[in-house]
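S.K.: So here's start.cif (mmCIF, C-alpha atoms).
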data_model
#
loop_
_atom_site.label_atom_id
_atom_site.label_comp_id
_atom_site.auth_asym_id
_atom_site.auth_seq_id
_atom_site.Cartn_x
_atom_site.Cartn_y
_atom_site.Cartn_z
CA MET A 1 160.06 -41.34 -34.33
CA MET A 2 159.35 -41.35 -30.61
CA ARG A 3 156.90 -43.53 -28.71
CA ASN A 4 156.90 -42.03 -25.25
CA VAL A 5 155.27 -43.57 -22.20
CA THR A 6 155.30 -42.21 -18.66
CA VAL A 7 155.43 -44.80 -15.89
CA ALA A 8 154.86 -44.23 -12.19
CA THR A 9 155.44 -46.26 -9.07
CA THR A 10 153.96 -45.65 -5.64
CA GLN A 11 154.36 -46.70 -2.04
CA MET A 12 152.02 -46.49 0.94
CA ALA A 13 151.34 -47.84 4.42
CA CYS A 14 148.49 -50.33 4.84
CA GLY A 15 146.05 -50.99 7.69
CA TRP A 16 143.11 -53.32 8.28
CA ASP A 17 140.53 -50.93 6.82
CA ILE A 18 140.38 -52.27 3.26
CA GLN A 19 138.32 -49.37 1.97
CA GLN A 20 140.78 -46.87 3.44
CA ASN A 21 143.68 -48.67 1.73
CA ILE A 22 141.80 -48.49 -1.58
CA THR A 23 141.13 -44.79 -0.97
CA THR A 24 144.80 -44.12 -0.27
CA ALA A 25 145.81 -46.02 -3.39
CA THR A 26 143.21 -44.07 -5.37
CA GLU A 27 144.71 -40.79 -4.24
CA LEU A 28 148.16 -41.92 -5.37
CA VAL A 29 146.90 -43.15 -8.74
CA THR A 30 144.89 -39.99 -9.36
CA LYS A 31 147.79 -37.73 -8.48
CA ALA A 32 150.16 -39.71 -10.70
CA ALA A 33 147.70 -39.64 -13.61
CA LYS A 34 147.15 -35.90 -13.30
CA ALA A 35 150.93 -35.49 -13.45
CA GLY A 36 150.96 -37.36 -16.77
CA ALA A 37 151.56 -41.00 -15.87
CA ASN A 38 150.18 -43.60 -18.30
CA ILE A 39 151.00 -46.83 -16.40
CA ILE A 40 150.90 -46.72 -12.60
CA LEU A 41 152.11 -49.46 -10.25
CA LEU A 42 150.72 -50.18 -6.79
CA GLN A 43 152.43 -52.49 -4.31
CA GLU A 44 151.76 -56.15 -3.61
CA LEU A 45 148.60 -57.07 -1.64
CA PHE A 46 147.85 -53.43 -0.79
CA GLU A 47 144.25 -54.08 0.32
CA THR A 48 145.46 -55.34 3.73
CA PRO A 49 148.56 -55.59 5.89
CA TYR A 50 151.00 -58.34 4.87
CA PHE A 51 149.25 -61.20 6.71
CA CYS A 52 151.78 -63.79 5.48
CA GLN A 53 153.97 -63.12 8.53
CA VAL A 54 152.10 -65.90 10.34
CA HIS A 55 150.20 -69.13 9.70
CA ASP A 56 146.54 -68.47 10.40
CA PHE A 57 143.62 -70.12 8.59
CA ASP A 58 141.42 -67.10 9.32
CA TYR A 59 143.30 -65.02 6.73
CA PHE A 60 142.12 -67.29 3.92
CA SER A 61 138.83 -65.40 4.19
CA LEU A 62 140.56 -62.36 2.65
CA ALA A 63 140.79 -64.06 -0.76
CA THR A 64 138.30 -63.26 -3.51
CA SER A 65 137.72 -64.09 -7.15
CA VAL A 66 138.77 -61.61 -9.81
CA GLU A 67 135.11 -60.75 -10.38
CA ASP A 68 134.38 -60.10 -6.70
CA ASN A 69 137.53 -58.24 -5.71
CA ALA A 70 136.77 -54.77 -4.36
CA ALA A 71 140.02 -53.18 -5.56
CA ILE A 72 139.78 -54.57 -9.08
CA ASN A 73 136.18 -53.42 -9.52
CA HIS A 74 137.02 -49.98 -8.16
CA PHE A 75 140.14 -49.50 -10.26
CA LYS A 76 138.46 -50.68 -13.46
CA LYS A 77 136.30 -47.56 -13.22
CA LEU A 78 139.21 -45.32 -12.25
CA ALA A 79 141.46 -46.63 -15.03
CA LYS A 80 138.77 -45.77 -17.59
CA GLU A 81 138.15 -42.35 -16.07
CA LEU A 82 141.85 -41.43 -15.96
CA GLN A 83 142.82 -43.44 -19.07
CA VAL A 84 145.66 -45.20 -17.27
CA VAL A 85 146.92 -48.78 -17.10
CA LEU A 86 146.82 -50.37 -13.63
CA PRO A 87 148.30 -53.73 -12.56
CA ILE A 88 146.32 -54.62 -9.43
CA SER A 89 147.75 -57.08 -6.90
CA PHE A 90 145.27 -59.13 -4.86
CA TYR A 91 144.71 -62.39 -2.96
CA GLU A 92 142.85 -64.62 -5.42
CA LYS A 93 140.47 -67.49 -4.67
CA SER A 94 139.77 -69.75 -7.63
CA GLY A 95 137.62 -72.74 -6.75
CA ASN A 96 139.41 -74.50 -3.90
CA THR A 97 142.77 -72.91 -4.70
CA PHE A 98 144.39 -69.66 -3.58
CA PHE A 99 146.91 -67.54 -5.48
CA ASN A 100 148.95 -64.36 -5.11
CA SER A 101 147.85 -62.63 -8.31
CA VAL A 102 147.93 -59.48 -10.41
CA THR A 103 145.13 -58.46 -12.75
CA VAL A 104 146.09 -55.94 -15.43
CA ILE A 105 143.51 -53.28 -16.26
CA ASP A 106 143.93 -51.38 -19.52
CA ALA A 107 143.26 -47.67 -20.01
CA ASP A 108 139.69 -48.36 -21.15
CA GLY A 109 138.88 -50.08 -17.85
CA GLU A 110 138.86 -53.56 -19.36
CA ILE A 111 140.74 -56.48 -17.81
CA LEU A 112 143.54 -57.80 -20.03
CA GLY A 113 144.23 -60.84 -17.91
CA THR A 114 145.59 -62.21 -14.64
CA TYR A 115 149.05 -63.45 -13.70
CA ARG A 116 149.53 -65.80 -10.75
CA LYS A 117 152.82 -65.54 -8.86
CA THR A 118 155.18 -68.30 -9.98
CA HIS A 119 157.75 -68.33 -7.18
CA ILE A 120 156.32 -68.62 -3.65
CA PRO A 121 158.67 -67.99 -0.71
CA ASP A 122 158.55 -69.95 2.53
CA GLY A 123 160.41 -68.53 5.48
CA ILE A 124 159.45 -66.35 8.43
CA PRO A 125 158.20 -63.68 8.06
CA TYR A 126 157.40 -64.45 4.39
CA ALA A 127 155.38 -67.63 5.00
CA GLU A 128 153.54 -67.49 1.68
CA LYS A 129 153.43 -71.21 0.91
CA PHE A 130 150.84 -71.52 3.68
CA TYR A 131 148.48 -69.20 1.77
CA PHE A 132 149.35 -69.45 -1.92
CA THR A 133 149.64 -72.24 -4.49
CA PRO A 134 152.43 -71.63 -7.07
CA GLY A 135 150.91 -69.93 -10.10
CA ASP A 136 149.70 -71.94 -13.08
CA THR A 137 149.49 -69.13 -15.67
CA GLY A 138 153.13 -69.10 -16.72
CA PHE A 139 154.84 -65.76 -17.22
CA LYS A 140 152.68 -63.26 -19.07
CA VAL A 141 152.95 -59.98 -20.95
CA TRP A 142 150.15 -57.67 -22.03
CA GLN A 143 149.77 -55.25 -24.90
CA THR A 144 148.29 -52.23 -23.14
CA LYS A 145 147.27 -48.95 -24.72
CA TYR A 146 150.70 -47.47 -24.04
CA ALA A 147 153.25 -50.31 -24.01
CA LYS A 148 153.69 -54.07 -23.89
CA ILE A 149 154.38 -54.81 -20.24
CA GLY A 150 155.47 -57.77 -18.15
CA VAL A 151 154.52 -58.10 -14.49
CA GLY A 152 156.21 -60.29 -11.88
CA ILE A 153 155.27 -60.38 -8.21
CA CYS A 154 157.72 -59.86 -5.34
CA TRP A 155 159.73 -63.12 -5.00
CA ASP A 156 159.60 -63.43 -8.80
CA GLN A 157 161.91 -60.42 -8.91
CA TRP A 158 164.83 -62.48 -7.62
CA PHE A 159 164.75 -64.83 -10.60
CA PRO A 160 166.46 -63.78 -13.85
CA GLU A 161 164.55 -66.51 -15.68
CA CYS A 162 161.29 -64.65 -14.99
CA ALA A 163 162.55 -61.33 -16.35
CA ARG A 164 164.19 -62.95 -19.38
CA SER A 165 161.03 -64.90 -20.18
CA MET A 166 158.95 -61.73 -20.17
CA ALA A 167 161.53 -59.96 -22.32
CA LEU A 168 161.50 -62.83 -24.83
CA MET A 169 157.70 -62.60 -24.92
CA GLY A 170 157.99 -59.01 -26.07
CA ALA A 171 157.77 -56.97 -22.88
CA GLU A 172 159.06 -53.41 -23.19
CA ILE A 173 158.94 -52.54 -19.48
CA LEU A 174 158.98 -54.85 -16.42
CA PHE A 175 156.86 -54.15 -13.34
CA TYR A 176 157.25 -55.72 -9.89
CA PRO A 177 154.76 -55.06 -7.06
CA THR A 178 156.36 -56.23 -3.83
CA ALA A 179 156.21 -56.39 -0.02
CA ILE A 180 159.62 -56.62 1.59
CA GLY A 181 161.29 -55.39 4.74
CA ASP A 182 162.76 -57.02 7.82
CA GLU A 183 164.80 -60.22 7.55
CA PRO A 184 164.80 -61.37 11.21
CA ILE A 185 166.05 -64.89 10.41
CA LEU A 186 168.88 -63.75 8.15
CA ASP A 187 169.60 -60.65 10.28
CA ILE A 188 170.49 -58.49 7.27
CA ASP A 189 169.28 -55.36 5.52
CA SER A 190 168.26 -56.74 2.13
CA LYS A 191 167.28 -53.44 0.49
CA GLY A 192 170.42 -53.01 -1.62
CA HIS A 193 170.43 -56.66 -2.72
CA TRP A 194 166.72 -56.44 -3.56
CA GLN A 195 167.31 -53.43 -5.78
CA ARG A 196 170.43 -54.79 -7.45
CA CYS A 197 168.66 -57.99 -8.53
CA MET A 198 166.13 -55.95 -10.47
CA GLN A 199 168.75 -53.55 -11.75
CA GLY A 200 170.43 -56.63 -13.23
CA HIS A 201 167.19 -57.61 -14.99
CA ALA A 202 167.01 -54.15 -16.52
CA ALA A 203 170.64 -54.19 -17.62
CA ALA A 204 170.59 -57.74 -19.00
CA ASN A 205 167.39 -57.18 -20.97
CA LEU A 206 167.95 -53.50 -21.80
CA MET A 207 164.53 -52.43 -20.57
CA PRO A 208 163.29 -50.33 -17.65
CA VAL A 209 162.18 -51.92 -14.40
CA VAL A 210 159.54 -50.39 -12.13
CA ALA A 211 159.23 -51.65 -8.53
CA ALA A 212 156.70 -50.74 -5.84
CA ASN A 213 157.15 -51.61 -2.17
CA ARG A 214 155.23 -50.79 0.99
CA ILE A 215 156.24 -48.73 4.01
CA GLY A 216 155.47 -48.75 7.70
CA THR A 217 155.37 -51.17 10.63
CA GLU A 218 152.76 -53.94 10.52
CA THR A 219 151.81 -56.24 13.37
CA ILE A 220 149.88 -59.43 12.60
CA SER A 221 148.16 -61.31 15.43
CA GLN A 222 147.92 -65.08 15.71
CA ASN A 223 146.37 -66.93 18.63
CA GLY A 224 147.31 -64.25 21.12
CA SER A 225 150.86 -63.70 19.87
CA ASP A 226 152.09 -61.04 17.47
CA SER A 227 154.54 -60.83 14.57
CA THR A 228 155.86 -57.40 13.56
CA MET A 229 157.60 -56.29 10.37
CA GLN A 230 159.11 -53.00 9.27
CA PHE A 231 158.86 -52.46 5.50
CA TYR A 232 161.61 -50.38 3.91
CA GLY A 233 159.99 -48.67 0.95
CA GLY A 234 162.71 -47.83 -1.55
CA SER A 235 160.38 -48.15 -4.54
CA PHE A 236 162.29 -47.27 -7.70
CA ILE A 237 162.50 -46.97 -11.47
CA THR A 238 165.54 -47.95 -13.53
CA ASP A 239 166.45 -47.00 -17.06
CA GLY A 240 167.19 -49.59 -19.74
CA ARG A 241 170.77 -50.00 -18.53
CA GLY A 242 169.88 -50.79 -14.95
CA GLU A 243 170.66 -47.44 -13.36
CA ILE A 244 168.19 -46.29 -10.71
CA ILE A 245 166.88 -42.93 -11.92
CA GLN A 246 164.11 -42.47 -9.35
CA GLU A 247 164.07 -43.87 -5.80
CA ALA A 248 161.61 -43.35 -2.94
CA SER A 249 162.39 -42.99 0.75
CA LYS A 250 162.23 -45.73 3.35
CA ASP A 251 159.27 -44.37 5.26
CA LYS A 252 157.12 -41.92 3.28
CA GLY A 253 154.17 -42.41 0.96
CA GLU A 254 155.41 -41.29 -2.45
CA ILE A 255 154.92 -41.24 -6.21
CA LEU A 256 157.80 -41.49 -8.68
CA SER A 257 157.47 -41.07 -12.44
CA THR A 258 159.69 -41.17 -15.51
CA THR A 259 159.12 -40.94 -19.25
CA PHE A 260 160.72 -43.42 -21.66
CA ASP A 261 160.99 -43.49 -25.45
CA LEU A 262 160.11 -47.10 -26.22
CA ASP A 263 161.35 -46.87 -29.80
CA GLN A 264 164.77 -45.69 -28.62
CA LEU A 265 164.93 -48.51 -26.08
CA ALA A 266 164.13 -51.01 -28.84
CA ILE A 267 166.99 -49.60 -30.93
CA GLU A 268 169.39 -49.99 -28.01
CA ARG A 269 168.38 -53.62 -27.52
CA GLN A 270 169.17 -54.25 -31.18
CA GLN A 271 172.49 -52.42 -30.98
CA TRP A 272 173.76 -54.42 -27.99
CA GLY A 273 172.95 -57.74 -29.62
CA VAL A 274 172.27 -59.66 -26.41
CA PHE A 275 169.14 -61.22 -27.90
CA ARG A 276 170.88 -61.90 -31.22
CA ASP A 277 173.73 -63.72 -29.48
CA ARG A 278 171.67 -65.86 -27.14
CA ARG A 279 172.19 -69.65 -27.47
CA PRO A 280 168.92 -71.22 -26.27
CA SER A 281 170.04 -74.73 -27.19
CA MET A 282 172.91 -74.41 -24.70
CA TYR A 283 170.70 -73.57 -21.73
CA GLY A 284 169.35 -77.02 -20.95
CA THR A 285 170.69 -76.80 -17.39
CA LEU A 286 167.97 -74.23 -16.71
CA LEU A 287 165.44 -77.07 -16.99
CA THR A 288 167.08 -78.83 -14.04
CA HIS A 289 167.77 -77.99 -10.40
CA GLY A 290 171.48 -78.08 -11.16
#
Output the file's structure as structure tokens, nothing else.
M.R.:
Amino acid sequence: MMRNVTVATTQMACGWDIQQNITTATELVTKAAKAGANIILLQELFETPYFCQVHDFDYFSLATSVEDNAAINHFKKLAKELQVVLPISFYEKSGNTFFNSVTVIDADGEILGTYRKTHIPDGIPYAEKFYFTPGDTGFKVWQTKYAKIGVGICWDQWFPECARSMALMGAEILFYPTAIGDEPILDIDSKGHWQRCMQGHAAANLMPVVAANRIGTETISQNGSDSTMQFYGGSFITDGRGEIIQEASKDKGEILSTTFDLDQLAIERQQWGVFRDRRPSMYGTLLTHG
């Protein structure tokens, strides 16, 4: 037996015209769907530039509820029309609290649920703790029409505990929308490290990883001064052993897609025995800061 699913990842540049960003994302999703993709990933916070470069209370006005979010309402209709699954990243306002969230839309256009980013970075130019409260949903997986998927958000992708938790909850494929580029404080090119962390999640859990990043140069203004970041693209898809089998460029809008046999991947997880040989009772240190 074969249970095939085709996944796609995308990357695009973002400006301050929210409707234009949604239109660009729509073009990518539609093209990917017409090429046969069943589950299509868009990058983190694609409705706007990455405003978290600076501390500015004005950007809190960008947050919306799930029900009022323009991208979610638009892509609910598109998901149903194209019969595709879409994890949609957005800036969520819930009561008096703000989250970096992903809402998963199934192929019938219905919302399966929302995940709120667990790990929130705090360092220029990724000053997210100013804007986002750490998520309160816990890690989540969703049974979509085509596969059971887990979704982490950007900084979550650096934590093996996040990937392992989703795998233990039954995820068959892991998805990570992200926004990453310059590291002016560290003065390094983090692209290879960024990719290898997620390759490790794929290899350790024997399941594919799909990552979407943004491209382009973005300048965010704050009280007359500017902060500028260059995003390095490099969106990619790994196989179940952690090898990158599709990788995008650093500076072009692109779509990547790959087909996986989920039944064969499940067999390989059984054959390797890494879940059989786990010793949960020995991992108490993980409940501490070390």
S.K.: Pick from A:Val210, A:Ile245, A:Ile267, A:Leu82: nearest to A:Thr10, with all atoms listed in the file counted?
M.R.: A:Val210
S.K.: Within 8 Å of A:Met198, counting only C-alpha atoms, which residues qualify if same-chain residues fewer than 4 places away don't, as a short mmCIF file (atom, residue, chain, number, x, y, z; two decimals) with C-alpha atoms, keeping the file's coordinate frame?
M.R.:
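Output file out-v6.cif is given in full below:
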data_model
loop_
_atom_site.label_atom_id
_atom_site.label_comp_id
_atom_site.auth_asym_id
_atom_site.auth_seq_id
_atom_site.Cartn_x
_atom_site.Cartn_y
_atom_site.Cartn_z
CA GLN A 157 161.91 -60.42 -8.91
CA TRP A 158 164.83 -62.48 -7.62
CA TRP A 194 166.72 -56.44 -3.56
CA ALA A 202 167.01 -54.15 -16.52
CA VAL A 209 162.18 -51.92 -14.40
CA GLY A 242 169.88 -50.79 -14.95
#
S.K.: Can you tell me which residues surround stretch 51-59 of chain A at a distance of at most 6 Å, considering all atoms listed in the file, apart from same-chain residues fewer than 3 positions away, and format the answer as a VMD selection string?
M.R.: chain A and resid 62 125 to 128
S.K.: Take the selection from the previous step and output its residues with C-alpha atoms, as a compact mmCIF listing (two decimals), in the coordinates of the input.
M.R.:
# COMPACT_ATOMS: atom_id res chain seq x y z
CA LEU A 62 140.56 -62.36 2.65
CA PRO A 125 158.20 -63.68 8.06
CA TYR A 126 157.40 -64.45 4.39
CA ALA A 127 155.38 -67.63 5.00
CA GLU A 128 153.54 -67.49 1.68
S.K.: Name the residues that the PyMOL selection byres ((chain A and resi 230-241) around 8) picks from the file above, as a PyMOL selection string, using the file's chain letters and numbers.
M.R.: chain A and resi 9-11+179-182+191+199+202-218+228-229+242-252+256-258+265
S.K.: When you draw a straight line from atom CA of A:Lys145 to atom CA of A:Asn73, how long is it in Å?
M.R.: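 Distance between the two atoms: 19.3 Å.
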S.K.: By how many Å are atom CA of A:Arg3 and atom CA of A:Arg196 apart?
M.R.: 27.6 Å
S.K.: Counting all atoms listed in the file, which of A:Thr133, A:Asn96, A:Thr288, A:Thr114 gets nearest to A:Gly152?
M.R.: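 Ranking A:Thr133, A:Asn96, A:Thr288, A:Thr114 by distance to A:Gly152, first place goes to A:Thr114.
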S.K.: Specify as a ChimeraX atom specification each residue included when the PyMOL selection byres ((chain A and resi 88) around 8) is applied to this file.
M.R.: /A:41-42,71-72,86-87,89-90,102-105
S.K.: Using only C-alpha atoms, list the residues that have an atom at most 7 Å from (156.5, -57.2, -13.4), coordinates as in the file, as a ChimeraX atom specification.
M.R.: /A:150-153,174-177
S.K.: Write a file of the selected residues as a PDB file, in the frame of the given file, keeping C-alpha atoms.
M.R.:
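What landed in part_29.pdb:
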ATOM      1  CA  GLY A 150     155.470 -57.770 -18.150  1.00  0.00           C
ATOM      2  CA  VAL A 151     154.520 -58.100 -14.490  1.00  0.00           C
ATOM      3  CA  GLY A 152     156.210 -60.290 -11.880  1.00  0.00           C
ATOM      4  CA  ILE A 153     155.270 -60.380  -8.210  1.00  0.00           C
ATOM      5  CA  LEU A 174     158.980 -54.850 -16.420  1.00  0.00           C
ATOM      6  CA  PHE A 175     156.860 -54.150 -13.340  1.00  0.00           C
ATOM      7  CA  TYR A 176     157.250 -55.720  -9.890  1.00  0.00           C
ATOM      8  CA  PRO A 177     154.760 -55.060  -7.060  1.00  0.00           C
TER       9      PRO A 177
END
S.K.: With only C-alpha atoms as the basis for distance, which of A:Pro184, A:Thr178, A:Glu161, A:Phe99 is at the shortest distance from A:Leu287?
M.R.: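 Looking only at the distances to A:Leu287, the closest residue turns out to be A:Glu161.
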S.K.: Quick check on the file I pasted: which residues fall under the PyMOL selection byres ((chain A and resi 166) around 9)? Write them as a list of chain:residue names.
M.R.: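 For this structure, the PyMOL selection byres ((chain A and resi 166) around 9) captures A:Phe139, A:Lys140, A:Val141, A:Ile149, A:Gly150, A:Val151, A:Gly152, A:Glu161, A:Cys162, A:Ala163, A:Arg164, A:Ser165, A:Ala167, A:Leu168, A:Met169, A:Gly170, A:Ala171, A:Glu172, A:Leu174.
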S.K.: Please compute the atom CA of A:Lys117-atom CA of A:Ile173 distance, one decimal, in Å.
M.R.: 17.9 Å
